[in-house]
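Worksheet: the structure to be examined is printed underneath.
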Amino acid sequence: MVEIIKKKRDGEILTDEEIRSVVSGFVDGSVPDYQISAWLMTIFFKGLNDKETAVLTDAIMRSGDLIDLSEIPGIKVDKHSTGGVGDKTTLVLGPLVAAAGVYVPKMSGRGLGHTGGTLDKLESIPGFNTNMTTDHFVNLVKEHHIAICSQNDRLVPADKKLYALRDVTGTVDNISLIASSVMSKKLACGADAIVIDLKVGDGAFIKTIEDAEKLADIMINTAKQMNRRLIAVISSMEEPLGHNIGNALEVREAIDTLKGHGPADLTELCLTLGSYMLMMAGKTATFKEGKLILEQLLANGKAFEKLVEMTIAQGGDVDYVKSPEKLKIAPCSFEYKAEQNGYIAKLSAMDIGLASVRLGAGRETKESIIDLGAGIILKKKVGDYVEKGDTIALLYASDISLFDKAKIYMDDAVLYTSHQTDVPELILAVKGG
Ligand code: URA
């Protein structure tokens, strides 16, 4: 292992065997965390070429079971987000696309750094279970068109371990590591087609459109080599998506969106990703046709009914979905107010994500227990006009002492301008097909 670390440290190319031995050694426990951490850091600085990235993806994918969905008829379509703040897209998109008759097998993750995770959000619905056997997962998808499961010791265990270690060693934001992490999971899950919500900007792991396009190309090529189709929708993560950040708060907003009353940006993103999913599934010939179908499913209640069905199928207490005001929000609140008159020029997704972590909504360490009721509701978005003293955000926590720390991040997050600013573009590019 020391030789492999030194080789990458010195900028050399690793052989297939070397990469596979690192991954298998990490999974079977023969290579300790500290050596893997050093190896990840050498990759962070020296990079992996396309071939090394493909081998790493394959090794991670084969570290556990591969799900076989061939008994389910038709084209199965999966979706993945590279991670953002306020990103409750899966909670809306999964039921929405399933309601259109597409099979959506979805493996989701937990919060990483300043970003949230779908599994944590779902756990704010009491009883909702995402830990299941592969057979049960396949049966749920077959019966309900959708199931959301977690990674376990049998499903891509190498990614689960690597992801947790990257989070605490400053090695998340590397293109090859993100590509191998995302693609190994998607390929192991067995879907025929994949739509990636590739986030770019302040609150994303990828900061520039150039890096986003490079990451999209790597993922498209990896999918092609494995006979899968992939579309990457590059979307902006400059400000949080929607208004609510934090687990139970995000479930509430996802439910509003499934009932057709969601915020404009979240709704637009879900309709865009969903329309591509419908096209890839062969349900529609054009993007426009798909969007129309999805808009109808939001308006006629069928998308929301699918969330109800999915919740019951996965053991969740459906009262919390039917009456989302029951979803428990943390008892202490704080009004974050505008310090001056002006237009909001920036609401940094990164700083707001970090503020919500400080409130208890995210993990500070691997072992942290999160407060599902903590978080932030944004009362203003970029481009809105405020007067001094107007409420920009409501902060929720279980202990008032947490507000001081979060407020420091909020102060850094907000920028004002005297000029009216354009509402920033949400969908920046679409690649693949
Ligand atoms: N999402 C993933 O699944 N993996 C990463 O590395 C980053 C975001």
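Each chain in the structure tokens gets a letter, A, B, ..., in the order shown, and its residues are numbered from 1; ligands are numbered from 1 in order too.
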Could you list the protein, DNA and RNA residues that have any atom within 7 Å of ligand 1, counting only C-alpha atoms and all ligand atoms, and write them as an mmCIF file with N, CA, C and O atoms, in the first residue's frame?
```cif
data_model
loop_
_atom_site.group_PDB
_atom_site.id
_atom_site.type_symbol
_atom_site.label_atom_id
_atom_site.label_comp_id
_atom_site.auth_asym_id
_atom_site.auth_seq_id
_atom_site.Cartn_x
_atom_site.Cartn_y
_atom_site.Cartn_z
ATOM 1 N N SER A 81 -28.255 13.068 -7.848
ATOM 2 C CA SER A 81 -27.770 14.446 -7.747
ATOM 3 C C SER A 81 -26.365 14.405 -7.168
ATOM 4 O O SER A 81 -26.075 13.584 -6.293
ATOM 5 N N THR A 82 -25.502 15.289 -7.650
ATOM 6 C CA THR A 82 -24.145 15.314 -7.094
ATOM 7 C C THR A 82 -24.112 16.076 -5.761
ATOM 8 O O THR A 82 -23.053 16.228 -5.173
ATOM 9 N N GLY A 83 -25.252 16.542 -5.299
ATOM 10 C CA GLY A 83 -25.325 17.085 -3.937
ATOM 11 C C GLY A 83 -25.430 18.591 -3.880
ATOM 12 O O GLY A 83 -24.673 19.304 -4.534
ATOM 13 N N TYR A 163 -16.915 7.172 0.799
ATOM 14 C CA TYR A 163 -17.698 8.415 0.908
ATOM 15 C C TYR A 163 -17.556 9.000 2.315
ATOM 16 O O TYR A 163 -17.288 10.191 2.481
ATOM 17 N N VAL A 172 -13.592 15.311 -0.953
ATOM 18 C CA VAL A 172 -14.855 15.085 -1.683
ATOM 19 C C VAL A 172 -14.781 15.694 -3.077
ATOM 20 O O VAL A 172 -15.124 15.052 -4.076
ATOM 21 N N LEU A 177 -13.054 11.201 -8.229
ATOM 22 C CA LEU A 177 -13.656 10.541 -7.060
ATOM 23 C C LEU A 177 -15.178 10.692 -7.089
ATOM 24 O O LEU A 177 -15.908 9.752 -6.750
ATOM 25 N N ILE A 178 -15.678 11.843 -7.510
ATOM 26 C CA ILE A 178 -17.136 12.022 -7.602
ATOM 27 C C ILE A 178 -17.692 11.104 -8.701
ATOM 28 O O ILE A 178 -18.689 10.404 -8.496
ATOM 29 N N ALA A 179 -17.014 11.095 -9.871
ATOM 30 C CA ALA A 179 -17.513 10.264 -10.993
ATOM 31 C C ALA A 179 -17.574 8.797 -10.582
ATOM 32 O O ALA A 179 -18.564 8.107 -10.833
ATOM 33 N N SER A 181 -17.726 7.497 -7.579
ATOM 34 C CA SER A 181 -18.703 7.283 -6.512
ATOM 35 C C SER A 181 -20.125 7.237 -7.081
ATOM 36 O O SER A 181 -20.901 6.317 -6.804
ATOM 37 N N VAL A 182 -20.452 8.225 -7.902
ATOM 38 C CA VAL A 182 -21.812 8.290 -8.454
ATOM 39 C C VAL A 182 -22.060 7.111 -9.395
ATOM 40 O O VAL A 182 -23.060 6.398 -9.279
#
```
How close does each residue of stretch 98-176 of chain A get to stretch 245-262 of chain A, giving the shortest atom pair and distance in Å to one decimal for every residue with an atom at most 7 Å away, counting only C-alpha atoms, sorted by chain and residue number, as CSV?
```
residue,atom,partner,partner_atom,distance
A:Asp120,CA,A:Asn247,CA,6.4
A:Lys121,CA,A:Asn247,CA,4.3
A:Ser124,CA,A:Ala248,CA,5.3
```
Give me a file of those residues, with N, CA and C atoms, as a short mmCIF file (atom, residue, chain, number, x, y, z; two decimals), in the first residue's frame.
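Full text of out-v9.cif as output:
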```cif
data_model
loop_
_atom_site.label_atom_id
_atom_site.label_comp_id
_atom_site.auth_asym_id
_atom_site.auth_seq_id
_atom_site.Cartn_x
_atom_site.Cartn_y
_atom_site.Cartn_z
N ASP A 120 -31.66 10.80 5.15
CA ASP A 120 -31.92 11.57 6.38
C ASP A 120 -33.28 12.25 6.28
N LYS A 121 -33.58 12.79 5.12
CA LYS A 121 -34.86 13.50 4.96
C LYS A 121 -36.02 12.52 5.15
N SER A 124 -37.32 11.56 8.58
CA SER A 124 -38.20 12.42 9.39
C SER A 124 -39.65 11.95 9.30
#
```
Applying 10 Å and only C-alpha atoms, which residues near stretch 7-15 of chain A remain after dropping the ones on its own chain fewer than 5 positions away? List them as a short mmCIF file (atom, residue, chain, number, x, y, z; two decimals) with all heavy atoms, in the first residue's frame.
```cif
data_model
loop_
_atom_site.label_atom_id
_atom_site.label_comp_id
_atom_site.auth_asym_id
_atom_site.auth_seq_id
_atom_site.Cartn_x
_atom_site.Cartn_y
_atom_site.Cartn_z
N MET A 1 0.84 -1.21 0.00
CA MET A 1 0.00 0.00 0.00
C MET A 1 0.88 1.27 0.00
O MET A 1 0.58 2.23 -0.70
CB MET A 1 -0.94 -0.05 1.22
CG MET A 1 -2.00 1.02 1.21
SD MET A 1 -3.14 0.94 -0.17
CE MET A 1 -3.66 2.63 -0.32
N VAL A 2 1.97 1.22 0.77
CA VAL A 2 2.84 2.40 0.84
C VAL A 2 3.39 2.72 -0.57
O VAL A 2 3.45 3.89 -0.98
CB VAL A 2 4.01 2.16 1.83
CG1 VAL A 2 4.95 3.36 1.86
CG2 VAL A 2 3.45 1.93 3.24
N ARG A 20 -7.54 -2.04 -7.97
CA ARG A 20 -8.48 -3.05 -7.45
C ARG A 20 -8.03 -3.54 -6.07
O ARG A 20 -8.86 -3.81 -5.19
CB ARG A 20 -8.60 -4.22 -8.43
CG ARG A 20 -9.38 -3.83 -9.68
CD ARG A 20 -9.61 -5.01 -10.63
NE ARG A 20 -10.07 -4.53 -11.92
CZ ARG A 20 -11.30 -4.11 -12.19
NH1 ARG A 20 -12.22 -4.15 -11.24
NH2 ARG A 20 -11.63 -3.67 -13.38
N SER A 21 -6.70 -3.65 -5.87
CA SER A 21 -6.24 -4.16 -4.57
C SER A 21 -6.50 -3.14 -3.45
O SER A 21 -6.79 -3.52 -2.31
CB SER A 21 -4.75 -4.56 -4.63
OG SER A 21 -3.96 -3.40 -4.70
N ALA A 38 -4.60 8.83 2.99
CA ALA A 38 -3.42 9.37 2.29
C ALA A 38 -3.56 9.14 0.78
O ALA A 38 -3.26 10.03 -0.03
CB ALA A 38 -2.16 8.69 2.82
N TRP A 39 -4.03 7.96 0.41
CA TRP A 39 -4.19 7.63 -1.02
C TRP A 39 -5.20 8.58 -1.68
O TRP A 39 -4.97 9.10 -2.78
CB TRP A 39 -4.65 6.17 -1.13
CG TRP A 39 -4.78 5.64 -2.52
CD1 TRP A 39 -3.77 5.38 -3.39
CD2 TRP A 39 -6.00 5.27 -3.18
NE1 TRP A 39 -4.28 4.88 -4.57
CE2 TRP A 39 -5.65 4.80 -4.45
CE3 TRP A 39 -7.34 5.28 -2.81
CZ2 TRP A 39 -6.60 4.36 -5.38
CZ3 TRP A 39 -8.28 4.84 -3.72
CH2 TRP A 39 -7.91 4.38 -4.98
N LEU A 40 -6.33 8.83 -0.97
CA LEU A 40 -7.34 9.74 -1.51
C LEU A 40 -6.75 11.14 -1.71
O LEU A 40 -7.02 11.81 -2.70
CB LEU A 40 -8.55 9.82 -0.57
CG LEU A 40 -9.44 8.57 -0.50
CD1 LEU A 40 -10.41 8.66 0.67
CD2 LEU A 40 -10.22 8.38 -1.81
N MET A 41 -5.91 11.55 -0.77
CA MET A 41 -5.32 12.89 -0.89
C MET A 41 -4.35 12.96 -2.07
O MET A 41 -4.27 13.98 -2.76
CB MET A 41 -4.64 13.28 0.44
CG MET A 41 -4.32 14.75 0.57
SD MET A 41 -5.75 15.83 0.32
CE MET A 41 -6.41 15.96 1.98
N THR A 42 -3.61 11.87 -2.32
CA THR A 42 -2.72 11.89 -3.51
C THR A 42 -3.56 12.00 -4.78
O THR A 42 -3.19 12.71 -5.71
CB THR A 42 -1.82 10.63 -3.60
OG1 THR A 42 -2.65 9.48 -3.79
CG2 THR A 42 -0.93 10.46 -2.39
N ILE A 43 -4.73 11.34 -4.80
CA ILE A 43 -5.61 11.45 -5.99
C ILE A 43 -6.13 12.88 -6.10
O ILE A 43 -6.19 13.45 -7.19
CB ILE A 43 -6.79 10.44 -5.89
CG1 ILE A 43 -6.25 9.01 -6.00
CG2 ILE A 43 -7.83 10.72 -6.97
CD1 ILE A 43 -7.30 7.93 -5.84
N PHE A 44 -6.47 13.45 -4.95
CA PHE A 44 -6.98 14.83 -4.96
C PHE A 44 -5.97 15.77 -5.64
O PHE A 44 -6.34 16.61 -6.44
CB PHE A 44 -7.25 15.28 -3.52
CG PHE A 44 -7.93 16.61 -3.44
CD1 PHE A 44 -9.30 16.73 -3.55
CD2 PHE A 44 -7.18 17.77 -3.28
CE1 PHE A 44 -9.93 17.97 -3.50
CE2 PHE A 44 -7.80 19.01 -3.23
CZ PHE A 44 -9.17 19.11 -3.33
N PHE A 45 -4.68 15.58 -5.33
CA PHE A 45 -3.68 16.50 -5.89
C PHE A 45 -3.17 16.07 -7.27
O PHE A 45 -2.86 16.91 -8.11
CB PHE A 45 -2.51 16.68 -4.91
CG PHE A 45 -2.87 17.60 -3.79
CD1 PHE A 45 -2.98 17.14 -2.48
CD2 PHE A 45 -3.12 18.95 -4.03
CE1 PHE A 45 -3.34 18.00 -1.45
CE2 PHE A 45 -3.48 19.81 -2.99
CZ PHE A 45 -3.60 19.33 -1.71
N LYS A 46 -3.03 14.76 -7.51
CA LYS A 46 -2.43 14.33 -8.78
C LYS A 46 -3.46 13.84 -9.80
O LYS A 46 -3.14 13.66 -10.96
CB LYS A 46 -1.40 13.20 -8.53
CG LYS A 46 -0.27 13.61 -7.60
CD LYS A 46 0.66 14.62 -8.27
CE LYS A 46 1.66 15.14 -7.26
NZ LYS A 46 2.79 15.84 -7.82
N GLY A 47 -4.67 13.58 -9.36
CA GLY A 47 -5.74 13.18 -10.29
C GLY A 47 -5.63 11.73 -10.75
O GLY A 47 -4.64 11.04 -10.49
N LEU A 48 -6.69 11.29 -11.43
CA LEU A 48 -6.69 9.98 -12.09
C LEU A 48 -7.00 10.25 -13.56
O LEU A 48 -7.80 11.15 -13.86
CB LEU A 48 -7.80 9.08 -11.51
CG LEU A 48 -7.70 8.62 -10.06
CD1 LEU A 48 -8.93 7.79 -9.68
CD2 LEU A 48 -6.43 7.77 -9.82
N ASN A 49 -6.39 9.47 -14.45
CA ASN A 49 -6.78 9.65 -15.86
C ASN A 49 -8.09 8.90 -16.11
O ASN A 49 -8.63 8.24 -15.21
CB ASN A 49 -5.64 9.24 -16.81
CG ASN A 49 -5.36 7.74 -16.75
OD1 ASN A 49 -6.22 6.96 -16.35
ND2 ASN A 49 -4.15 7.36 -17.15
N LYS A 51 -8.81 6.24 -17.78
CA LYS A 51 -8.74 4.77 -17.63
C LYS A 51 -8.72 4.40 -16.13
O LYS A 51 -9.44 3.51 -15.69
CB LYS A 51 -7.48 4.28 -18.36
CG LYS A 51 -7.02 2.89 -18.03
CD LYS A 51 -7.23 1.95 -19.20
CE LYS A 51 -7.00 0.48 -18.87
NZ LYS A 51 -5.75 0.20 -18.20
N GLU A 52 -7.92 5.12 -15.36
CA GLU A 52 -7.87 4.85 -13.91
C GLU A 52 -9.24 5.08 -13.28
O GLU A 52 -9.69 4.30 -12.41
CB GLU A 52 -6.84 5.77 -13.22
CG GLU A 52 -5.39 5.46 -13.54
CD GLU A 52 -4.47 6.52 -12.94
OE1 GLU A 52 -4.63 7.70 -13.30
OE2 GLU A 52 -3.59 6.19 -12.13
N VAL A 55 -11.50 2.16 -14.06
CA VAL A 55 -11.16 0.96 -13.27
C VAL A 55 -11.63 1.15 -11.82
O VAL A 55 -12.20 0.23 -11.21
CB VAL A 55 -9.63 0.68 -13.32
CG1 VAL A 55 -9.26 -0.48 -12.39
CG2 VAL A 55 -9.19 0.38 -14.74
#
```
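Nearest-residue note for A:Pro32: choosing from A:Met226, A:Leu297, A:Leu162, A:Ala303, the minimum distance belongs to A:Leu162, counting only C-alpha atoms.
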Contacts of A:Asn152 at 8 Å or less, counting only C-alpha atoms, minus same-chain residues fewer than 5 places along, as a CSV table (one decimal) with N, CA and C atoms, in the first residue's frame?
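Done, and the output landed in out.csv:
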```
chain,number,residue,atom,x,y,z
A,131,ASN,N,-33.7,0.5,4.5
A,131,ASN,CA,-32.7,-0.6,4.7
A,131,ASN,C,-33.4,-1.9,4.3
A,157,PRO,N,-20.5,-1.5,-1.0
A,157,PRO,CA,-19.9,-1.1,0.3
A,157,PRO,C,-18.7,-0.3,0.2
A,160,LYS,N,-19.7,3.3,0.2
A,160,LYS,CA,-20.2,3.8,1.5
A,160,LYS,C,-19.0,4.1,2.4
```
Test item, strand (DSSP E or B) assignment across stretch 120-354 of chain A, answer as a PyMOL selection string:
chain A and resi 146-150+193-200+206+229-236+244-245+332-337+342-347
Spatial neighbours of A:Ile312, max dist 12 Å, only C-alpha atoms, sep filter under 2 positions, as a ChimeraX atom specification:
/A:125-129,140,144,147,305-310,314-322
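Residues surrounding A:Gly74 within 9 Å are Ser70, Ile72, Lys76, Val102, Tyr103, Ala281 and Gly282 of chain A [only C-alpha atoms; sequence separation below 2 positions excluded].
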Selected residues written out, C-alpha atoms, as a compact mmCIF listing (two decimals), in the first residue's frame:
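Dumped to out-v1.txt:
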```txt
# COMPACT_ATOMS: atom_id res chain seq x y z
CA SER A 70 -34.24 -7.73 -15.81
CA ILE A 72 -39.07 -5.84 -14.46
CA LYS A 76 -35.74 1.41 -15.80
CA VAL A 102 -41.78 4.68 -15.33
CA TYR A 103 -39.91 2.21 -13.08
CA ALA A 281 -37.88 5.49 -20.64
CA GLY A 282 -39.46 5.71 -24.10
```
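Checking A:Val156, A:Val77, A:Met107, A:Leu241 one by one against A:Ser63, counting only C-alpha atoms, you find the shortest gap at A:Val156.
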Quick one: residues within 7 Å of A:Leu198, only C-alpha atoms counted, chain neighbours fewer than 6 positions away excluded, as a list in words?
Ser81, Thr82, Ala212, Ala232, Val233, Ile234 and Ser235 of chain A
Save out the residues we just selected, C-alpha atoms, as a short mmCIF file (atom, residue, chain, number, x, y, z; two decimals), in the first residue's frame.
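Okay, this is what ended up in again-v5.cif:
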```cif
data_model
loop_
_atom_site.label_atom_id
_atom_site.label_comp_id
_atom_site.auth_asym_id
_atom_site.auth_seq_id
_atom_site.Cartn_x
_atom_site.Cartn_y
_atom_site.Cartn_z
CA SER A 81 -27.77 14.45 -7.75
CA THR A 82 -24.15 15.31 -7.09
CA ALA A 212 -19.03 20.29 -14.55
CA ALA A 232 -26.38 15.11 -17.34
CA VAL A 233 -28.41 18.22 -16.53
CA ILE A 234 -26.01 20.87 -15.23
CA SER A 235 -27.92 23.03 -12.73
#
```
Helix (DSSP H, G or I) per DSSP on the backbone: members of stretch 104-245 of chain A, as a PyMOL selection string:
chain A and resi 118-122+134-144+157-167+175-188+209-225
With distances taken over only C-alpha atoms, the candidate from A:Gly274, A:Pro73, A:Gly383, A:Gly84 nearest A:Leu112 is A:Gly84
Counting only C-alpha atoms, which of A:Gly64, A:Pro240, A:Gly301, A:Pro95 gets nearest to A:Ile376?
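Looking at the shortest contact to A:Ile376, the residue is A:Pro240.
Counting only C-alpha atoms and comparing A:Val31, A:Leu96, A:Ala164, A:Leu66, the residue that lies closest to A:Gly290 is A:Leu96.
Closest to A:Ile218 among A:Ala98, A:Ala393, A:Ile148, A:Leu230 is A:Leu230, based on only C-alpha atoms.
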